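Asks: The structure is given below, and queries will be raised subsequently.
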Amino acid sequence: MQVAAEQNSRVTEPRSRQYEIAAKSSGKEGSGKSIQSVDRALAIIEVLSLSGAPLMLGEIAALTDINLSTCHHLVKTLVNRGYVIYAGRSRGYALSSKLEALSQRSAREFNLVEFVRPSLLQLNADLREAVQMAVLCGSTLVTQVRLASQIPPHVESNDMSKVHAAHAVATGKAILAWLPEAELARVVADTGLAGFTERTITSFPALVEELRLVRRAGFAVSDGEFHPDLVGFGAAIRDTSGAVIGAIGVSIPNRRATDTYRGYIARAVTKCAKDLSGRMPAGCFV
């Protein structure tokens, strides 16, 4: 029994040492003044992060060298703010996933572009047509990735003009189709339904019907509605929870838009969007 106890002590000692190091290296020895309550709260977080199981309040207080009453108030504050979970009287306290969520949120916009870019580069290489990725920021359609057509002569559209043209471009319609009707009405009230060409949808009932068709087909079409010589195809990209993150699109000159080619482009766009959606972690980009 004594041998077993000595062996167990040797096994647990390194973990205890890790906790002590984490608590003592949380800023107490740094230069300049620190706020003691913040310093102690971070020490608690660091100690909990090193534990493979919840810790009792007394264990946290001992490992962080914080008075039990003070430790209780700090831990309670962390629980109220969602950073620590109370696992029950018999189990104690553990870290929540909130810190991880905050870390992910800070880099979402950059990460979304980097996440989709390889697939869009491949789509652009395969089709040699212009490729885009857009998101809806409030009521504004923002094109975050734009790859030019490799087939001359090029027919270009003005991305800045698209900010209030979600109703007239394929990427915009692919996103709008999945908004609740009240949210759709708000976006339309903010941006209007400007007529860019004679084919642009400029009435709300007509737009609602168009978006119903988009949902049924699984992709959106803009046939000369933003630029008279361009036909666009767009499909929504979602994360694995089903949340719509944005849309990818391909635009082609009207002169190449035969029925057969339209079908080919629509299939390529929806396939790329489906592949991205299947790999996009839930909650990372919303």
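Starting from 1 in every chain, residues are counted up; chains themselves are A, B, ... following the order of the structure tokens, and ligands are numbered from 1 as listed.
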Taking the DSSP assignment computed from this structure's backbone, write out as a PyMOL selection string all residues of segment 45-203 of chain A that belong to alpha helix (DSSP H).

Replies: chain A and resi 45-49+57-64+68-80+98-106+108-127+170-176+181-191

Asks: Now that the selection is made, can you save its residues with C-alpha atoms as a compact mmCIF listing (two decimals), in the first residue's frame?

Replies:
```txt
# COMPACT_ATOMS: atom_id res chain seq x y z
CA ILE A 45 -8.96 30.15 -16.14
CA GLU A 46 -5.41 28.86 -16.68
CA VAL A 47 -5.69 26.36 -13.84
CA LEU A 48 -9.01 25.03 -15.15
CA SER A 49 -7.56 24.76 -18.66
CA LEU A 57 -13.64 25.31 -5.34
CA GLY A 58 -11.12 24.42 -2.62
CA GLU A 59 -8.79 22.87 -5.20
CA ILE A 60 -8.97 26.00 -7.38
CA ALA A 61 -8.26 28.24 -4.38
CA ALA A 62 -5.27 26.14 -3.32
CA LEU A 63 -3.77 25.89 -6.81
CA THR A 64 -4.12 29.62 -7.50
CA LEU A 68 -11.35 30.77 -0.60
CA SER A 69 -13.99 33.51 -0.27
CA THR A 70 -12.33 35.68 -2.94
CA CYS A 71 -11.95 32.65 -5.19
CA HIS A 72 -15.65 31.87 -4.77
CA HIS A 73 -16.66 35.39 -5.90
CA LEU A 74 -14.31 35.28 -8.88
CA VAL A 75 -15.46 31.83 -9.99
CA LYS A 76 -19.11 32.87 -9.59
CA THR A 77 -18.45 35.90 -11.83
CA LEU A 78 -16.82 33.68 -14.46
CA VAL A 79 -19.83 31.34 -14.30
CA ASN A 80 -22.24 34.28 -14.73
CA LYS A 98 -16.70 30.49 -24.75
CA LEU A 99 -13.01 31.42 -25.01
CA GLU A 100 -12.66 29.20 -28.06
CA ALA A 101 -15.74 30.80 -29.63
CA LEU A 102 -14.34 34.31 -29.04
CA SER A 103 -11.03 33.33 -30.60
CA GLN A 104 -12.78 31.98 -33.68
CA ARG A 105 -15.00 35.06 -34.02
CA SER A 106 -12.06 37.49 -34.13
CA ARG A 108 -13.90 34.95 -39.12
CA GLU A 109 -13.88 37.35 -42.08
CA PHE A 110 -10.25 36.59 -42.96
CA ASN A 111 -10.78 32.89 -42.41
CA LEU A 112 -13.87 32.76 -44.62
CA VAL A 113 -11.96 34.21 -47.57
CA GLU A 114 -9.05 31.85 -46.99
CA PHE A 115 -11.43 28.94 -46.55
CA VAL A 116 -13.26 29.43 -49.85
CA ARG A 117 -10.38 30.72 -52.00
CA PRO A 118 -8.85 27.34 -53.00
CA SER A 119 -12.24 26.04 -54.17
CA LEU A 120 -12.96 29.24 -56.09
CA LEU A 121 -9.54 29.17 -57.72
CA GLN A 122 -10.24 25.61 -58.85
CA LEU A 123 -13.70 26.58 -60.14
CA ASN A 124 -12.18 29.52 -62.03
CA ALA A 125 -9.51 27.24 -63.51
CA ASP A 126 -12.04 24.58 -64.52
CA LEU A 127 -14.61 26.94 -66.09
CA ALA A 170 -27.15 35.84 -58.57
CA THR A 171 -25.03 35.81 -55.40
CA GLY A 172 -27.39 38.30 -53.78
CA LYS A 173 -30.52 36.37 -54.69
CA ALA A 174 -28.91 33.12 -53.48
CA ILE A 175 -28.56 34.71 -50.03
CA LEU A 176 -31.88 36.60 -49.96
CA GLU A 181 -39.60 37.38 -44.99
CA ALA A 182 -39.46 40.10 -42.33
CA GLU A 183 -35.67 40.28 -42.71
CA LEU A 184 -36.01 40.32 -46.49
CA ALA A 185 -38.47 43.21 -46.20
CA ARG A 186 -36.00 45.11 -44.01
CA VAL A 187 -33.17 44.66 -46.52
CA VAL A 188 -35.38 45.82 -49.38
CA ALA A 189 -36.56 48.82 -47.34
CA ASP A 190 -32.94 49.78 -46.67
CA THR A 191 -31.58 49.35 -50.20
```

Asks: Calculated over only C-alpha atoms, which of the candidates A:Val231, A:Leu42, A:Ile151, A:His167 has the smallest distance to Asp259 of chain A?

Replies: A:Val231

Asks: Need the shell around Val214 of chain A: protein/DNA/RNA residues with any atom at most 8 Å away, counting only C-alpha atoms. Skip same-chain ones fewer than 4 positions apart. Format as JSON, numbers by chain?

Replies: {"A": [173, 174, 177, 210, 218, 219, 220, 221]}

Asks: Those residues with all heavy atoms, as a PDB file, in the first residue's frame please?

Replies:
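Now in part-v5.pdb:
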```pdb
ATOM      1  N   LYS A 173     -29.260  37.104 -54.747  1.00  0.00           N
ATOM      2  CA  LYS A 173     -30.524  36.369 -54.685  1.00  0.00           C
ATOM      3  C   LYS A 173     -30.348  35.021 -53.979  1.00  0.00           C
ATOM      4  O   LYS A 173     -31.265  34.549 -53.284  1.00  0.00           O
ATOM      5  CB  LYS A 173     -31.096  36.178 -56.088  1.00  0.00           C
ATOM      6  CG  LYS A 173     -31.661  37.470 -56.678  1.00  0.00           C
ATOM      7  CD  LYS A 173     -32.548  37.212 -57.883  1.00  0.00           C
ATOM      8  CE  LYS A 173     -31.781  36.966 -59.148  1.00  0.00           C
ATOM      9  NZ  LYS A 173     -32.672  36.873 -60.330  1.00  0.00           N
ATOM     10  N   ALA A 174     -29.171  34.406 -54.137  1.00  0.00           N
ATOM     11  CA  ALA A 174     -28.914  33.123 -53.478  1.00  0.00           C
ATOM     12  C   ALA A 174     -28.926  33.277 -51.964  1.00  0.00           C
ATOM     13  O   ALA A 174     -29.300  32.341 -51.244  1.00  0.00           O
ATOM     14  CB  ALA A 174     -27.572  32.557 -53.941  1.00  0.00           C
ATOM     15  N   ALA A 177     -32.769  34.474 -50.712  1.00  0.00           N
ATOM     16  CA  ALA A 177     -33.773  33.414 -50.777  1.00  0.00           C
ATOM     17  C   ALA A 177     -33.985  32.716 -49.443  1.00  0.00           C
ATOM     18  O   ALA A 177     -35.059  32.149 -49.198  1.00  0.00           O
ATOM     19  CB  ALA A 177     -33.374  32.389 -51.837  1.00  0.00           C
ATOM     20  N   GLU A 210     -39.584  35.179 -57.163  1.00  0.00           N
ATOM     21  CA  GLU A 210     -38.284  34.782 -57.710  1.00  0.00           C
ATOM     22  C   GLU A 210     -37.482  33.975 -56.689  1.00  0.00           C
ATOM     23  O   GLU A 210     -36.879  32.950 -57.019  1.00  0.00           O
ATOM     24  CB  GLU A 210     -37.494  36.033 -58.115  1.00  0.00           C
ATOM     25  CG  GLU A 210     -36.054  35.782 -58.557  1.00  0.00           C
ATOM     26  CD  GLU A 210     -35.936  35.264 -59.970  1.00  0.00           C
ATOM     27  OE1 GLU A 210     -36.976  35.165 -60.659  1.00  0.00           O
ATOM     28  OE2 GLU A 210     -34.808  34.970 -60.403  1.00  0.00           O
ATOM     29  N   GLY A 218     -32.378  25.444 -55.982  1.00  0.00           N
ATOM     30  CA  GLY A 218     -31.109  25.271 -55.281  1.00  0.00           C
ATOM     31  C   GLY A 218     -30.023  26.206 -55.783  1.00  0.00           C
ATOM     32  O   GLY A 218     -28.891  26.155 -55.305  1.00  0.00           O
ATOM     33  N   PHE A 219     -30.361  27.070 -56.739  1.00  0.00           N
ATOM     34  CA  PHE A 219     -29.414  28.075 -57.225  1.00  0.00           C
ATOM     35  C   PHE A 219     -30.198  29.260 -57.756  1.00  0.00           C
ATOM     36  O   PHE A 219     -31.402  29.174 -58.021  1.00  0.00           O
ATOM     37  CB  PHE A 219     -28.490  27.511 -58.314  1.00  0.00           C
ATOM     38  CG  PHE A 219     -29.214  27.028 -59.538  1.00  0.00           C
ATOM     39  CD1 PHE A 219     -29.505  27.889 -60.598  1.00  0.00           C
ATOM     40  CD2 PHE A 219     -29.609  25.696 -59.644  1.00  0.00           C
ATOM     41  CE1 PHE A 219     -30.167  27.434 -61.722  1.00  0.00           C
ATOM     42  CE2 PHE A 219     -30.273  25.232 -60.765  1.00  0.00           C
ATOM     43  CZ  PHE A 219     -30.558  26.107 -61.812  1.00  0.00           C
ATOM     44  N   ALA A 220     -29.499  30.404 -57.904  1.00  0.00           N
ATOM     45  CA  ALA A 220     -30.118  31.630 -58.401  1.00  0.00           C
ATOM     46  C   ALA A 220     -29.571  31.976 -59.775  1.00  0.00           C
ATOM     47  O   ALA A 220     -28.418  31.655 -60.096  1.00  0.00           O
ATOM     48  CB  ALA A 220     -29.863  32.783 -57.431  1.00  0.00           C
ATOM     49  N   VAL A 221     -30.398  32.650 -60.574  1.00  0.00           N
ATOM     50  CA  VAL A 221     -29.996  33.101 -61.904  1.00  0.00           C
ATOM     51  C   VAL A 221     -30.266  34.594 -62.013  1.00  0.00           C
ATOM     52  O   VAL A 221     -31.315  35.080 -61.582  1.00  0.00           O
ATOM     53  CB  VAL A 221     -30.779  32.365 -63.016  1.00  0.00           C
ATOM     54  CG1 VAL A 221     -30.335  32.865 -64.395  1.00  0.00           C
ATOM     55  CG2 VAL A 221     -30.588  30.862 -62.906  1.00  0.00           C
TER      56      VAL A 221
END
```

Asks: Near His154 of chain A, within 12 Å and counting only C-alpha atoms, which residues show up once chain neighbours fewer than 4 positions away are dropped, as an MDAnalysis selection string?

Replies: chainID A and resid 128:130 147:150 229:230 251:255

Asks: Which one of A:Arg216, A:His227, A:Lys162, A:Arg238 sits closest to Cys272 of chain A if you count only C-alpha atoms?

Replies: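 When distances to Cys272 of chain A are compared using only C-alpha atoms, the smallest one comes from A:Arg238.
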
Asks: Skip Arg89 of chain A itself and residues of its chain fewer than 3 positions away, then list as a PyMOL selection string all residues within 12 Å of it, counting only C-alpha atoms.

Replies: chain A and resi 54-58+85-86+92-93

Asks: Write out as a PDB file with N, CA and C atoms, in the first residue's frame each polymer residue whose atoms come within 12 Å of Val163 of chain A, counting only C-alpha atoms; drop sequence neighbours fewer than 2 positions from it.

Replies:
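Dumped everything to around31.pdb:
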```
ATOM      1  N   ALA A 134     -19.679  36.353 -52.248  1.00  0.00           N
ATOM      2  CA  ALA A 134     -20.228  37.546 -51.618  1.00  0.00           C
ATOM      3  C   ALA A 134     -20.928  37.186 -50.322  1.00  0.00           C
ATOM      4  N   VAL A 135     -20.998  38.167 -49.424  1.00  0.00           N
ATOM      5  CA  VAL A 135     -21.727  38.014 -48.167  1.00  0.00           C
ATOM      6  C   VAL A 135     -22.637  39.217 -48.004  1.00  0.00           C
ATOM      7  N   LEU A 136     -23.667  39.049 -47.184  1.00  0.00           N
ATOM      8  CA  LEU A 136     -24.574  40.151 -46.872  1.00  0.00           C
ATOM      9  C   LEU A 136     -24.179  40.723 -45.525  1.00  0.00           C
ATOM     10  N   CYS A 137     -23.707  41.977 -45.513  1.00  0.00           N
ATOM     11  CA  CYS A 137     -23.332  42.667 -44.279  1.00  0.00           C
ATOM     12  C   CYS A 137     -24.431  43.670 -43.952  1.00  0.00           C
ATOM     13  N   GLY A 138     -25.296  43.309 -43.025  1.00  0.00           N
ATOM     14  CA  GLY A 138     -26.466  44.141 -42.785  1.00  0.00           C
ATOM     15  C   GLY A 138     -27.380  44.065 -43.984  1.00  0.00           C
ATOM     16  N   SER A 139     -27.508  45.176 -44.695  1.00  0.00           N
ATOM     17  CA  SER A 139     -28.310  45.204 -45.921  1.00  0.00           C
ATOM     18  C   SER A 139     -27.447  45.324 -47.168  1.00  0.00           C
ATOM     19  N   THR A 140     -26.138  45.294 -46.981  1.00  0.00           N
ATOM     20  CA  THR A 140     -25.198  45.546 -48.066  1.00  0.00           C
ATOM     21  C   THR A 140     -24.578  44.257 -48.578  1.00  0.00           C
ATOM     22  N   LEU A 141     -24.574  44.078 -49.885  1.00  0.00           N
ATOM     23  CA  LEU A 141     -23.924  42.919 -50.499  1.00  0.00           C
ATOM     24  C   LEU A 141     -22.456  43.258 -50.738  1.00  0.00           C
ATOM     25  N   VAL A 142     -21.573  42.482 -50.122  1.00  0.00           N
ATOM     26  CA  VAL A 142     -20.135  42.749 -50.232  1.00  0.00           C
ATOM     27  C   VAL A 142     -19.466  41.586 -50.952  1.00  0.00           C
ATOM     28  N   THR A 143     -18.802  41.888 -52.082  1.00  0.00           N
ATOM     29  CA  THR A 143     -18.046  40.873 -52.816  1.00  0.00           C
ATOM     30  C   THR A 143     -16.661  40.766 -52.196  1.00  0.00           C
ATOM     31  N   GLN A 144     -16.369  39.609 -51.575  1.00  0.00           N
ATOM     32  CA  GLN A 144     -15.102  39.440 -50.883  1.00  0.00           C
ATOM     33  C   GLN A 144     -14.041  38.746 -51.728  1.00  0.00           C
ATOM     34  N   ASN A 158     -19.370  46.256 -62.298  1.00  0.00           N
ATOM     35  CA  ASN A 158     -18.828  47.089 -61.232  1.00  0.00           C
ATOM     36  C   ASN A 158     -19.254  46.544 -59.877  1.00  0.00           C
ATOM     37  N   ASP A 159     -18.276  46.026 -59.099  1.00  0.00           N
ATOM     38  CA  ASP A 159     -18.597  45.453 -57.804  1.00  0.00           C
ATOM     39  C   ASP A 159     -19.176  46.485 -56.841  1.00  0.00           C
ATOM     40  N   MET A 160     -18.722  47.747 -56.924  1.00  0.00           N
ATOM     41  CA  MET A 160     -19.228  48.773 -56.024  1.00  0.00           C
ATOM     42  C   MET A 160     -20.711  49.026 -56.250  1.00  0.00           C
ATOM     43  N   SER A 161     -21.162  48.873 -57.480  1.00  0.00           N
ATOM     44  CA  SER A 161     -22.583  49.076 -57.769  1.00  0.00           C
ATOM     45  C   SER A 161     -23.440  47.954 -57.218  1.00  0.00           C
ATOM     46  N   ALA A 165     -27.515  45.919 -54.802  1.00  0.00           N
ATOM     47  CA  ALA A 165     -28.100  45.198 -55.942  1.00  0.00           C
ATOM     48  C   ALA A 165     -28.274  43.714 -55.641  1.00  0.00           C
ATOM     49  N   ALA A 166     -28.482  43.377 -54.367  1.00  0.00           N
ATOM     50  CA  ALA A 166     -28.650  41.959 -54.030  1.00  0.00           C
ATOM     51  C   ALA A 166     -29.820  41.338 -54.780  1.00  0.00           C
ATOM     52  N   HIS A 167     -30.837  42.150 -55.093  1.00  0.00           N
ATOM     53  CA  HIS A 167     -32.015  41.651 -55.804  1.00  0.00           C
ATOM     54  C   HIS A 167     -31.762  41.424 -57.287  1.00  0.00           C
ATOM     55  N   ALA A 168     -30.615  41.909 -57.783  1.00  0.00           N
ATOM     56  CA  ALA A 168     -30.368  41.885 -59.224  1.00  0.00           C
ATOM     57  C   ALA A 168     -29.207  40.989 -59.631  1.00  0.00           C
ATOM     58  N   VAL A 169     -28.458  40.469 -58.681  1.00  0.00           N
ATOM     59  CA  VAL A 169     -27.311  39.609 -59.001  1.00  0.00           C
ATOM     60  C   VAL A 169     -27.523  38.232 -58.385  1.00  0.00           C
ATOM     61  N   THR A 171     -25.508  36.070 -56.773  1.00  0.00           N
ATOM     62  CA  THR A 171     -25.029  35.813 -55.405  1.00  0.00           C
ATOM     63  C   THR A 171     -25.975  36.439 -54.382  1.00  0.00           C
ATOM     64  N   GLY A 172     -26.462  37.638 -54.687  1.00  0.00           N
ATOM     65  CA  GLY A 172     -27.391  38.303 -53.778  1.00  0.00           C
ATOM     66  C   GLY A 172     -28.688  37.538 -53.629  1.00  0.00           C
ATOM     67  N   VAL A 187     -34.253  44.423 -45.570  1.00  0.00           N
ATOM     68  CA  VAL A 187     -33.165  44.655 -46.519  1.00  0.00           C
ATOM     69  C   VAL A 187     -33.671  45.474 -47.710  1.00  0.00           C
ATOM     70  N   ASP A 190     -34.209  49.048 -46.822  1.00  0.00           N
ATOM     71  CA  ASP A 190     -32.940  49.776 -46.672  1.00  0.00           C
ATOM     72  C   ASP A 190     -32.303  50.118 -48.010  1.00  0.00           C
ATOM     73  N   THR A 191     -32.348  49.184 -48.956  1.00  0.00           N
ATOM     74  CA  THR A 191     -31.584  49.346 -50.204  1.00  0.00           C
ATOM     75  C   THR A 191     -32.433  49.694 -51.410  1.00  0.00           C
ATOM     76  N   GLY A 192     -33.728  49.414 -51.340  1.00  0.00           N
ATOM     77  CA  GLY A 192     -34.598  49.646 -52.494  1.00  0.00           C
ATOM     78  C   GLY A 192     -34.465  48.543 -53.523  1.00  0.00           C
ATOM     79  N   LEU A 193     -35.240  48.672 -54.578  1.00  0.00           N
ATOM     80  CA  LEU A 193     -35.203  47.712 -55.685  1.00  0.00           C
ATOM     81  C   LEU A 193     -34.943  48.492 -56.972  1.00  0.00           C
ATOM     82  N   ALA A 194     -33.711  49.001 -57.078  1.00  0.00           N
ATOM     83  CA  ALA A 194     -33.348  49.826 -58.229  1.00  0.00           C
ATOM     84  C   ALA A 194     -33.388  49.007 -59.515  1.00  0.00           C
ATOM     85  N   PHE A 226     -28.527  42.810 -63.932  1.00  0.00           N
ATOM     86  CA  PHE A 226     -27.615  43.816 -63.391  1.00  0.00           C
ATOM     87  C   PHE A 226     -26.789  44.437 -64.500  1.00  0.00           C
TER      88      PHE A 226
END
```

Asks: Please, what distance in Å, to one decimal, runs between atom CA of Thr197 of chain A and atom CA of Gly224 of chain A?

Replies: 7.2 Å

Asks: Set the distance at 10 Å and use only C-alpha atoms: which residues neighbour Gly278 of chain A once local chain neighbours fewer than 6 positions away are removed? I'd like the list as a list of chain:residue names.

Replies: A:Ile237, A:Arg238, A:Asp239, A:Thr240, A:Ser241, A:Gly242, A:Cys272
